[in-house]
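The next block holds one structure in the form of structure tokens; read it before the comments.
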Amino acid sequence: GWKSRQSNRRDAVERLMLMTEPRLLTWHTRQEIRRLLVELSLFQEYEEYLQAERRKPGVDRNAIEQDLVRFYTDQGLYEKGLALLRERPIESLVDNLLYLELLTRTGAEEKTLSLSRDLIQVNPDEEACHEAWIKAYLHFTGRTGKAPTGTDVSGLKFQDIALQEVERVLKGPADGEKARRLLVGLQLAIIVGEETFLKGLVDRVSQIRFDNSLASETLVTCEALNNSGARHLSTRILESALSQRPDDPDFQQTLAENYFLDNRSNDASPLLEGVLSHDPARLRAFLLLLDTLASAGRVKQAHEKALAKLGEPNLPDLIVGQIKSRAIVLAGKVQAGPVDVGGGNPDPASVPVWPDEPGKKQGSESIPVTGSGK
């Protein structure tokens, strides 16, 4: 089982889970079983495995239960996570942070805002406590469309605390693992609407090292900037990220969308070609490529690509309809002869719809702007 875990993961995990000899079931072996179960999306088996592990004598039951809570949180099983945490006193910092995340996910963000302030008083330098507060503020705003209006136990308004948190992030360190705090702080700055803080954070974010651990948070932040009307700042961050990760398809596609909306179709189309060369199944990217080619005057090429795509099997009906609509319009332009090359989409009202790929998971809710800045 150990030898086959790279070539045949399913066979490997089945063999490893049959082991009963304690001498062989080392910590590394158990961790490898967990990893394989998650990678194979065997989530029920993963839960059953952890439940069995926590009942064994001599194990670190607290650590296993914390892993179970994280699993329930990731899977959206929030009530199961809360029930497991409530089986024992919530005393450690890790337990408190897990509890706060579940409160936020279940719509009790104002309780998180109050409790996390208590944690910050005890652990003022613990970044995770500050992030719990900021995430609750962001989640409440995204869910309700407005910023929370309460106060902490000392009477300080949440809006004033938000400004303090943004300023703290702006002035604090952001090297290595702390780079994430800049992205989270920038999302908060978008809501409070302080232009000076916003531009200062964008300057710092543009200089961080965009490793894989920051990719998702970067895309969420750029989406928030786009929704707030600050697409130029989003583009700046994406260009910096793509210069470090030139083959990242999510950065390529998101930047291409920004370029298209800014009348830069000639810059957008090469990025989309790169995305599709690695993942032809990205239908949203394909539809955007048709639009960028057409708006850059390459109508015949766009039409040919549309017809070729329609010849592929198993396309969803929604996508077939989108491509057919574009193909009809493109055919008319081809017959009409040369077109005026504008290099982009000149009419904001005519921006087409690019449906997400089926099953694509979104990064987060949109973050509305409640401050006065842009």
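Residue numbering restarts at 1 in every chain; chains get A, B, ... in the order shown in the structure tokens, and ligands count up from 1 in that same order.
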
Give me, as CSV, the closest atom pair and its distance (Å, one decimal) for every residue of segment 36-152 of chain A within a cut-off of 9 Å of segment 187-203 of chain A, counting only C-alpha atoms, rows sorted by chain and rising number.
residue,atom,partner,partner_atom,distance
A:Ile134,CA,A:Leu188,CA,6.9
A:Lys135,CA,A:Leu188,CA,8.6
A:Tyr137,CA,A:Leu188,CA,7.9
A:Leu138,CA,A:Leu188,CA,6.7
A:Thr141,CA,A:Ile191,CA,8.2
A:Ala147,CA,A:Ile191,CA,7.9

*Can you list, as a PyMOL selection string, every protein, DNA or RNA residue that comes within 8 Å of segment 73-90 of chain A when you count only C-alpha atoms, leaving out same-chain residues fewer than 2 positions away?*
chain A and resi 65+68-71+92+95-96+99+102+105-106

*Write out as number ranges by chain all residues of segment 141-363 of chain A that backbone DSSP assigns to alpha helix (DSSP H).*
A: 141-144, 158-171, 179-192, 195-205, 215-227, 231-244, 249-261, 265-278, 283-295, 299-310, 317-336

For segment 28-33 of chain A: contacts at 6 Å, only C-alpha atoms, fewer than 3 positions along chain excluded, given as a PDB file with N, CA, C and O atoms, in the first residue's frame:
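Written file, selection.pdb:
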ATOM      1  N   VAL A  13      -4.796   3.372  -0.379  1.00  0.00           N
ATOM      2  CA  VAL A  13      -5.498   3.718   0.856  1.00  0.00           C
ATOM      3  C   VAL A  13      -6.300   2.524   1.369  1.00  0.00           C
ATOM      4  O   VAL A  13      -6.417   2.311   2.593  1.00  0.00           O
ATOM      5  N   LEU A  25       1.395   1.263  12.238  1.00  0.00           N
ATOM      6  CA  LEU A  25       0.479   2.407  12.129  1.00  0.00           C
ATOM      7  C   LEU A  25       1.089   3.627  12.817  1.00  0.00           C
ATOM      8  O   LEU A  25       0.578   4.126  13.832  1.00  0.00           O
ATOM      9  N   LEU A  36      -4.753  10.725   1.546  1.00  0.00           N
ATOM     10  CA  LEU A  36      -5.291   9.986   0.404  1.00  0.00           C
ATOM     11  C   LEU A  36      -6.814  10.024   0.393  1.00  0.00           C
ATOM     12  O   LEU A  36      -7.430  10.178  -0.672  1.00  0.00           O
TER      13      LEU A  36
END

*asked:* With distances taken over only C-alpha atoms, which residue among A:Glu101, A:Glu21, A:Asp175, A:Asp11 lies nearest Leu37 of chain A?
replied: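 So, comparing all the options, the nearest one is A:Asp11.
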
_Counting only C-alpha atoms, the residue of A:Asp67, A:Val205, A:Glu45, A:Asn212 that sits nearest Ile237 of chain A_ =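 Among A:Asp67, A:Val205, A:Glu45, A:Asn212, it is A:Val205 that comes nearest to Ile237 of chain A.
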
*Atom-to-atom span, atom CA of Ser116 of chain A and atom CA of Glu177 of chain A, Å*: 21.3 Å

*Spatial neighbours of Pro313 of chain A, max dist 12 Å, only C-alpha atoms, sep filter under 6 positions, as a PyMOL selection string*: chain A and resi 281+319-320

*Record the distance separating atom CA of Ile120 of chain A and atom CA of Ala215 of chain A, expressed in Å with one decimal.*
27.2 Å

*Neighbours of Glu53 of chain A within 12 Å (only C-alpha atoms; same-chain residues fewer than 3 positions away dropped), as an MDAnalysis selection string?*
chainID A and resid 17 25 27 30:31 33:34 46:50 56:65 67:68

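Taking only C-alpha atoms, the non-local environment of segment 245-256 of chain A within 7 Å (same-chain residues fewer than 3 positions away omitted) comprises Thr235, Leu238, Ala241, Leu242, Tyr259, Phe260, Ala268, Leu271, Leu272, Val275 and Ala285 of chain A.
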
*Just how far from atom CA of Arg168 of chain A is atom CA of Thr112 of chain A, in Å to one decimal?*
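That distance, rounded to one decimal, is 19.5 Å.
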